[in-house]
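Trainee: Contents of target-v1.csv (CSV, C-alpha atoms) are below:
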chain,number,residue,atom,x,y,z
D,1,MET,CA,304.1,201.3,154.7
D,2,VAL,CA,303.3,204.9,153.7
D,3,TRP,CA,300.2,206.8,154.6
D,4,LYS,CA,298.7,209.2,152.1
D,5,ASN,CA,295.8,211.4,153.1
D,6,LEU,CA,292.7,211.2,151.0
D,7,PRO,CA,289.9,212.8,153.1
D,8,LEU,CA,286.8,212.4,150.9
D,9,SER,CA,284.6,215.4,150.4
D,10,PHE,CA,281.5,213.6,151.5
D,11,HIS,CA,283.1,212.6,154.8
D,12,PRO,CA,282.8,215.8,156.8
D,13,ASN,CA,285.0,214.5,159.7
D,14,ALA,CA,287.7,213.2,157.5
D,15,MET,CA,289.7,216.4,156.9
D,16,PRO,CA,289.7,217.5,160.6
D,17,ALA,CA,290.8,213.9,161.6
D,18,ALA,CA,293.5,214.0,159.0
D,19,MET,CA,294.7,217.3,160.4
D,20,ALA,CA,294.8,215.8,163.9
D,21,ALA,CA,296.7,212.8,162.7
D,22,MET,CA,299.2,215.0,160.8
D,23,ALA,CA,299.5,217.3,163.8
D,24,ALA,CA,300.5,214.3,165.8
D,25,ASN,CA,302.8,213.2,163.0
D,26,ASP,CA,304.8,216.4,163.5
D,27,GLN,CA,305.5,215.1,167.0
D,28,GLY,CA,306.2,211.6,165.9
D,29,LYS,CA,302.9,210.1,167.0
D,30,PHE,CA,301.0,209.7,163.7
D,31,TRP,CA,300.2,206.0,164.1
D,32,ASP,CA,299.2,206.3,167.7
D,33,MET,CA,296.7,209.1,166.8
D,34,HIS,CA,295.7,207.0,163.7
D,35,ASP,CA,294.9,204.0,165.9
D,36,LYS,CA,292.9,206.1,168.4
D,37,ILE,CA,290.8,207.8,165.7
D,38,PHE,CA,290.1,204.5,164.0
D,39,ALA,CA,289.2,202.9,167.3
D,40,ASN,CA,286.6,205.6,168.0
D,41,GLN,CA,285.2,206.3,164.6
D,42,GLN,CA,281.7,206.9,166.0
D,43,LYS,CA,282.9,209.9,168.0
D,44,MET,CA,285.0,212.1,165.8
D,45,SER,CA,285.4,215.6,167.1
D,46,ARG,CA,288.1,218.2,167.8
D,47,ASP,CA,287.6,217.7,171.6
D,48,GLN,CA,288.3,214.0,171.1
D,49,TYR,CA,291.5,214.6,169.1
D,50,ILE,CA,292.7,217.0,171.8
D,51,ALA,CA,292.0,214.3,174.5
D,52,TYR,CA,294.0,211.8,172.4
D,53,ALA,CA,296.8,214.2,172.1
D,54,LYS,CA,296.8,214.7,175.9
D,55,ASP,CA,296.8,210.9,176.3
D,56,LEU,CA,299.9,210.7,174.0
D,57,LYS,CA,301.6,213.5,176.0
D,58,LEU,CA,301.9,215.7,173.0
D,59,ASP,CA,303.0,219.3,173.3
D,60,MET,CA,299.4,220.7,173.5
D,61,ALA,CA,300.2,224.3,172.4
D,62,LYS,CA,301.9,223.0,169.3
D,63,PHE,CA,299.2,220.4,168.6
D,64,THR,CA,296.2,222.8,168.9
D,65,LYS,CA,298.0,225.3,166.8
D,66,ALA,CA,298.7,222.7,164.1
D,67,LEU,CA,295.0,221.7,164.0
D,68,ASP,CA,294.3,225.0,162.2
D,69,ASP,CA,297.6,225.3,160.4
D,70,ALA,CA,297.2,226.2,156.7
D,71,ALA,CA,300.6,224.7,155.8
D,72,LEU,CA,299.6,221.4,157.4
D,73,LYS,CA,296.3,221.5,155.4
D,74,ALA,CA,298.3,222.2,152.3
D,75,ARG,CA,300.3,219.0,152.9
D,76,ILE,CA,297.1,217.0,153.1
D,77,GLU,CA,295.8,218.7,150.0
D,78,ALA,CA,299.0,217.8,148.2
D,79,ASP,CA,298.3,214.1,149.0
D,80,MET,CA,294.8,214.6,147.6
D,81,ALA,CA,296.3,216.1,144.4
D,82,ASP,CA,298.6,213.1,144.1
D,83,ALA,CA,295.5,210.8,144.4
D,84,GLY,CA,293.8,212.9,141.7
D,85,LYS,CA,296.8,212.5,139.4
D,86,LEU,CA,297.0,208.8,140.0
D,87,GLY,CA,293.3,208.4,139.5
D,88,VAL,CA,292.5,207.2,143.0
D,89,SER,CA,289.0,208.4,143.9
D,90,GLY,CA,288.0,206.1,146.7
D,91,THR,CA,289.4,205.0,150.0
D,92,PRO,CA,291.3,202.9,150.8
D,93,GLY,CA,293.5,202.7,147.7
D,94,PHE,CA,296.8,200.8,147.9
D,95,PHE,CA,299.9,200.8,145.8
D,96,VAL,CA,302.2,197.8,146.4
D,97,ASN,CA,305.5,198.9,144.9
D,98,GLY,CA,303.5,201.1,142.6
D,99,LYS,CA,300.9,198.5,141.6
D,100,PHE,CA,297.4,199.5,142.4
D,101,LEU,CA,295.1,197.5,144.6
D,102,SER,CA,291.7,199.1,145.0
D,103,GLY,CA,289.5,199.1,148.2
D,104,ALA,CA,289.6,197.0,151.3
D,105,LYS,CA,290.8,193.8,149.7
D,106,PRO,CA,291.0,190.5,151.5
D,107,PHE,CA,294.4,189.8,153.0
D,108,GLY,CA,295.2,187.1,150.4
D,109,GLU,CA,295.3,189.7,147.6
D,110,PHE,CA,298.0,191.6,149.5
D,111,ALA,CA,299.9,188.4,150.1
D,112,THR,CA,299.7,187.6,146.4
D,113,ALA,CA,300.9,191.1,145.4
D,114,ILE,CA,303.7,191.1,148.0
D,115,ASN,CA,304.9,187.6,147.1
D,116,ALA,CA,304.9,188.5,143.4
D,117,GLU,CA,307.0,191.5,144.1
D,118,LEU,CA,309.5,189.5,146.2
D,119,LYS,CA,309.7,187.0,143.4
D,120,ARG,CA,310.3,189.7,140.8
D,121,LEU,CA,313.0,191.2,143.0
D,122,ASN,CA,314.6,187.7,143.5
D,123,LEU,CA,314.1,188.0,147.2
D,124,PRO,CA,313.2,185.0,149.4
D,125,ILE,CA,309.7,184.8,150.7
D,126,PRO,CA,310.2,184.8,154.4
D,127,PRO,CA,309.5,181.5,156.2
D,128,GLY,CA,306.1,181.5,157.7
D,129,ALA,CA,304.9,184.2,155.3
D,130,PRO,CA,301.2,183.8,154.3
D,131,ALA,CA,300.9,182.0,150.9
D,132,SER,CA,299.0,183.8,148.3
V,1,MET,CA,202.3,181.7,111.5
V,2,SER,CA,201.1,182.8,114.9
V,3,LYS,CA,198.1,185.0,115.4
V,4,LYS,CA,200.2,187.8,116.9
V,5,ASN,CA,202.4,188.1,113.8
V,6,ARG,CA,199.4,188.1,111.5
V,7,GLU,CA,197.9,190.9,113.5
V,8,ARG,CA,201.1,193.0,113.2
V,9,ARG,CA,201.2,192.4,109.4
V,10,ASP,CA,197.7,193.6,109.3
V,11,GLY,CA,198.7,196.7,111.2
V,12,GLU,CA,201.5,197.5,108.8
V,13,ALA,CA,199.3,197.0,105.9
V,14,GLY,CA,197.0,199.5,107.5
V,15,ASP,CA,199.8,202.1,107.9
V,16,ASP,CA,200.7,201.7,104.2
V,17,ALA,CA,197.2,202.3,103.4
V,18,LYS,CA,197.1,205.4,105.5
V,19,GLY,CA,200.3,206.8,103.8
V,20,GLY,CA,198.5,206.6,100.6
V,21,GLY,CA,201.5,204.7,98.9
V,22,GLY,CA,203.8,207.8,98.9
V,23,LEU,CA,207.3,207.9,100.4
V,24,ASN,CA,207.1,207.2,104.1
V,25,TRP,CA,209.2,209.5,106.4
V,26,LEU,CA,210.2,206.7,108.9
V,27,PRO,CA,212.3,204.6,106.5
V,28,MET,CA,213.7,207.8,105.0
V,29,LEU,CA,214.8,209.0,108.5
V,30,LEU,CA,216.3,205.6,109.3
V,31,ALA,CA,218.2,205.6,106.0
V,32,ALA,CA,219.5,209.1,106.7
V,33,GLY,CA,220.4,208.1,110.2
V,34,ALA,CA,222.2,205.0,108.9
V,35,LEU,CA,224.1,207.2,106.4
V,36,VAL,CA,225.1,209.6,109.1
V,37,LEU,CA,226.3,206.8,111.3
V,38,GLY,CA,228.1,205.2,108.4
V,39,PHE,CA,229.8,208.4,107.6
V,40,VAL,CA,230.9,208.9,111.3
V,41,ALA,CA,232.1,205.3,111.5
V,42,TRP,CA,234.1,205.8,108.2
V,43,THR,CA,235.7,209.0,109.4
V,44,ASP,CA,236.5,207.4,112.7
V,45,ALA,CA,238.1,204.4,111.0
V,46,LYS,CA,240.0,206.8,108.7
V,47,GLN,CA,241.3,208.7,111.8
V,48,VAL,CA,242.3,205.5,113.5
V,49,LYS,CA,244.2,204.4,110.4
V,50,THR,CA,245.9,207.8,110.2
V,51,ASP,CA,246.8,207.7,113.9
V,52,THR,CA,248.1,204.1,113.7
V,53,LEU,CA,250.2,204.9,110.6
V,54,LYS,CA,251.6,207.9,112.4
V,55,ARG,CA,252.5,205.8,115.5
V,56,LEU,CA,254.1,203.2,113.3
V,57,VAL,CA,256.2,205.8,111.6
V,58,ASP,CA,257.2,207.2,115.1
V,59,MET,CA,258.1,203.7,116.2
V,60,ASP,CA,260.2,203.1,113.1
V,61,THR,CA,262.0,206.4,113.7
V,62,LYS,CA,262.7,205.5,117.4
V,63,LEU,CA,263.8,202.0,116.4
V,64,ILE,CA,266.3,203.4,113.9
V,65,ALA,CA,267.6,205.8,116.5
V,66,LEU,CA,267.9,202.9,119.0
V,67,GLN,CA,269.7,200.8,116.4
V,68,THR,CA,272.1,203.6,115.7
V,69,GLN,CA,272.7,204.1,119.5
V,70,VAL,CA,273.4,200.4,120.0
V,71,ALA,CA,275.7,200.3,117.0
V,72,ASN,CA,277.6,203.4,118.3
V,73,SER,CA,278.0,202.0,121.8
V,74,ALA,CA,279.3,198.7,120.4
V,75,ASN,CA,281.9,200.6,118.3
V,76,ALA,CA,282.8,203.0,121.1
V,77,LYS,CA,285.9,202.4,123.1
V,78,PRO,CA,285.3,200.5,126.4
V,79,ALA,CA,284.3,202.9,129.2
V,80,PRO,CA,287.4,204.4,130.8
V,81,GLN,CA,288.5,202.3,133.7
V,82,GLN,CA,287.7,203.4,137.2
V,83,GLY,CA,290.9,204.3,138.9
V,84,PRO,CA,294.5,203.4,138.2
V,85,ASP,CA,295.4,200.6,135.8
V,86,PRO,CA,296.3,197.5,138.0
V,87,ASN,CA,298.7,196.4,135.3
V,88,LYS,CA,300.8,199.6,135.4
V,89,VAL,CA,303.5,200.6,137.9
V,90,TYR,CA,303.0,204.0,139.3
V,91,THR,CA,305.3,206.3,141.3
V,92,VAL,CA,303.8,207.5,144.5
V,93,ARG,CA,305.4,210.5,146.1
V,94,THR,CA,306.2,209.5,149.7
V,95,ASP,CA,308.4,212.3,151.0
V,96,GLY,CA,307.0,213.9,154.2
V,97,SER,CA,304.4,211.2,154.6
V,98,PRO,CA,303.9,209.2,157.8
V,99,THR,CA,305.6,205.8,157.4
V,100,LYS,CA,305.8,202.6,159.3
V,101,GLY,CA,308.5,199.9,159.0
V,102,SER,CA,312.0,199.9,157.6
V,103,PRO,CA,312.7,202.9,155.3
V,104,THR,CA,314.8,200.5,153.2
V,105,ALA,CA,312.2,197.8,152.9
V,106,PRO,CA,312.1,196.2,149.4
V,107,ILE,CA,308.3,196.5,149.3
V,108,VAL,CA,306.6,199.8,149.9
V,109,ILE,CA,302.8,199.9,150.4
V,110,ALA,CA,301.3,203.3,149.9
V,111,GLU,CA,297.8,203.6,151.3
V,112,PHE,CA,295.5,206.5,150.3
V,113,SER,CA,293.0,206.6,153.0
V,114,ASP,CA,290.8,208.7,155.3
V,115,PHE,CA,289.6,208.3,158.8
V,116,GLN,CA,285.8,208.3,158.2
Could I get this structure in the form of structure tokens?
Mentor:
Amino acid sequence: MVWKNLPLSFHPNAMPAAMAAMAANDQGKFWDMHDKIFANQQKMSRDQYIAYAKDLKLDMAKFTKALDDAALKARIEADMADAGKLGVSGTPGFFVNGKFLSGAKPFGEFATAINAELKRLNLPIPPGAPAS
Amino acid sequence: MSKKNRERRDGEAGDDAKGGGGLNWLPMLLAAGALVLGFVAWTDAKQVKTDTLKRLVDMDTKLIALQTQVANSANAKPAPQQGPDPNKVYTVRTDGSPTKGSPTAPIVIAEFSDFQ
């Protein structure tokens, strides 16, 4: 599973949130920050992200500096440029081994795509894996 | 014939008598009025006809334009698909991106997403 940042321009809190998540990523805590932001989507603010960082026991000097770091922002913008080149304009957009699945699809569609890939690669579908 | 009608006829006869048999101004006026009204009605009808013809020509023109448009859109290539082609295999750059799971997993799901 790979996370690619695509903060949409009409989501004003999306870029600062992506910055906070990537700042946490630099300290190995991307997914923890990701989960905290998603769990509290109705209160998105810099103060919240700083509070999460404290919860996660991050190096706060590093974290707050990263929140405004131009190089970090450039990495997010590089993801956005990748999305532009691939033609992804909405979120979420998934690529399962390079095959595009658009939007928040029902789980079954992912199972179908994953099982098809396993079959193509001549790999066994793990026992107990959801059928497509 | 009723008495009333007869009296009126008598009266008309009396008027004729008074006019002395010459041209009476009242019928003349009525005739002139009728002519004027007729002329107005005729010009009106002519105008309506002209307007109607003009509108029909306009409608024809618009109809032809519409037909051309429909024909063009039928011939045009289908609208470019929204987003990546689901039948293609793309390469997604993953270096430096946050990941979860085994780095050697046979299946990699790349998610483009935001937090809002």
Trainee: Counting only C-alpha atoms, which residues come within 10 Å of (288.5, 208.8, 151.8), with the point read in the file's coordinates, and could you list them as a VMD selection string?
Mentor: (chain D and resid 5 to 11 14 to 15 80 88 to 93) or (chain V and resid 112 to 116)
Trainee: Specify as a PyMOL selection string all residues of chain D found within 9 Å of chain V, counting only C-alpha atoms.
Mentor: chain D and resi 1-8+11-15+17-18+22+25+28+30-31+34+37-38+41-42+44+75+79-80+82-83+86-102+114+117-118+121+123
Trainee: Would you write out those residues with C-alpha atoms, as a compact mmCIF listing (two decimals), in the coordinates of the input?
Mentor:
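What ended up in part06.txt:
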# COMPACT_ATOMS: atom_id res chain seq x y z
CA MET D 1 304.10 201.30 154.70
CA VAL D 2 303.30 204.90 153.70
CA TRP D 3 300.20 206.80 154.60
CA LYS D 4 298.70 209.20 152.10
CA ASN D 5 295.80 211.40 153.10
CA LEU D 6 292.70 211.20 151.00
CA PRO D 7 289.90 212.80 153.10
CA LEU D 8 286.80 212.40 150.90
CA HIS D 11 283.10 212.60 154.80
CA PRO D 12 282.80 215.80 156.80
CA ASN D 13 285.00 214.50 159.70
CA ALA D 14 287.70 213.20 157.50
CA MET D 15 289.70 216.40 156.90
CA ALA D 17 290.80 213.90 161.60
CA ALA D 18 293.50 214.00 159.00
CA MET D 22 299.20 215.00 160.80
CA ASN D 25 302.80 213.20 163.00
CA GLY D 28 306.20 211.60 165.90
CA PHE D 30 301.00 209.70 163.70
CA TRP D 31 300.20 206.00 164.10
CA HIS D 34 295.70 207.00 163.70
CA ILE D 37 290.80 207.80 165.70
CA PHE D 38 290.10 204.50 164.00
CA GLN D 41 285.20 206.30 164.60
CA GLN D 42 281.70 206.90 166.00
CA MET D 44 285.00 212.10 165.80
CA ARG D 75 300.30 219.00 152.90
CA ASP D 79 298.30 214.10 149.00
CA MET D 80 294.80 214.60 147.60
CA ASP D 82 298.60 213.10 144.10
CA ALA D 83 295.50 210.80 144.40
CA LEU D 86 297.00 208.80 140.00
CA GLY D 87 293.30 208.40 139.50
CA VAL D 88 292.50 207.20 143.00
CA SER D 89 289.00 208.40 143.90
CA GLY D 90 288.00 206.10 146.70
CA THR D 91 289.40 205.00 150.00
CA PRO D 92 291.30 202.90 150.80
CA GLY D 93 293.50 202.70 147.70
CA PHE D 94 296.80 200.80 147.90
CA PHE D 95 299.90 200.80 145.80
CA VAL D 96 302.20 197.80 146.40
CA ASN D 97 305.50 198.90 144.90
CA GLY D 98 303.50 201.10 142.60
CA LYS D 99 300.90 198.50 141.60
CA PHE D 100 297.40 199.50 142.40
CA LEU D 101 295.10 197.50 144.60
CA SER D 102 291.70 199.10 145.00
CA ILE D 114 303.70 191.10 148.00
CA GLU D 117 307.00 191.50 144.10
CA LEU D 118 309.50 189.50 146.20
CA LEU D 121 313.00 191.20 143.00
CA LEU D 123 314.10 188.00 147.20
Trainee: Tell me which of D:Ala51, D:Ala23, D:Pro130, D:Lys43 sits closest to D:Ile76, counting all atoms listed in the file.
Mentor: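 The shortest atom-to-atom distance to D:Ile76 comes from D:Ala23.
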Trainee: What is the distance, in Å and to one decimal place, between atom CA of D:Ala104 and atom CA of D:Tyr52?
Mentor: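 Computing it gives 26.1 Å between the two atoms.
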Trainee: Please, what distance in Å, to one decimal, runs between atom CA of V:Ala65 and atom CA of V:Lys46?
Mentor: 28.7 Å
Trainee: In Å to one decimal, how far is atom CA of D:Glu77 from atom CA of D:Phe63?
Mentor: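 It comes out at 19.0 Å.
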Trainee: Within 8 Å of D:Ala66, counting only C-alpha atoms, which residues qualify if same-chain residues fewer than 6 places away don't, as number ranges by chain?
Mentor: D: 19-20, 23, 72
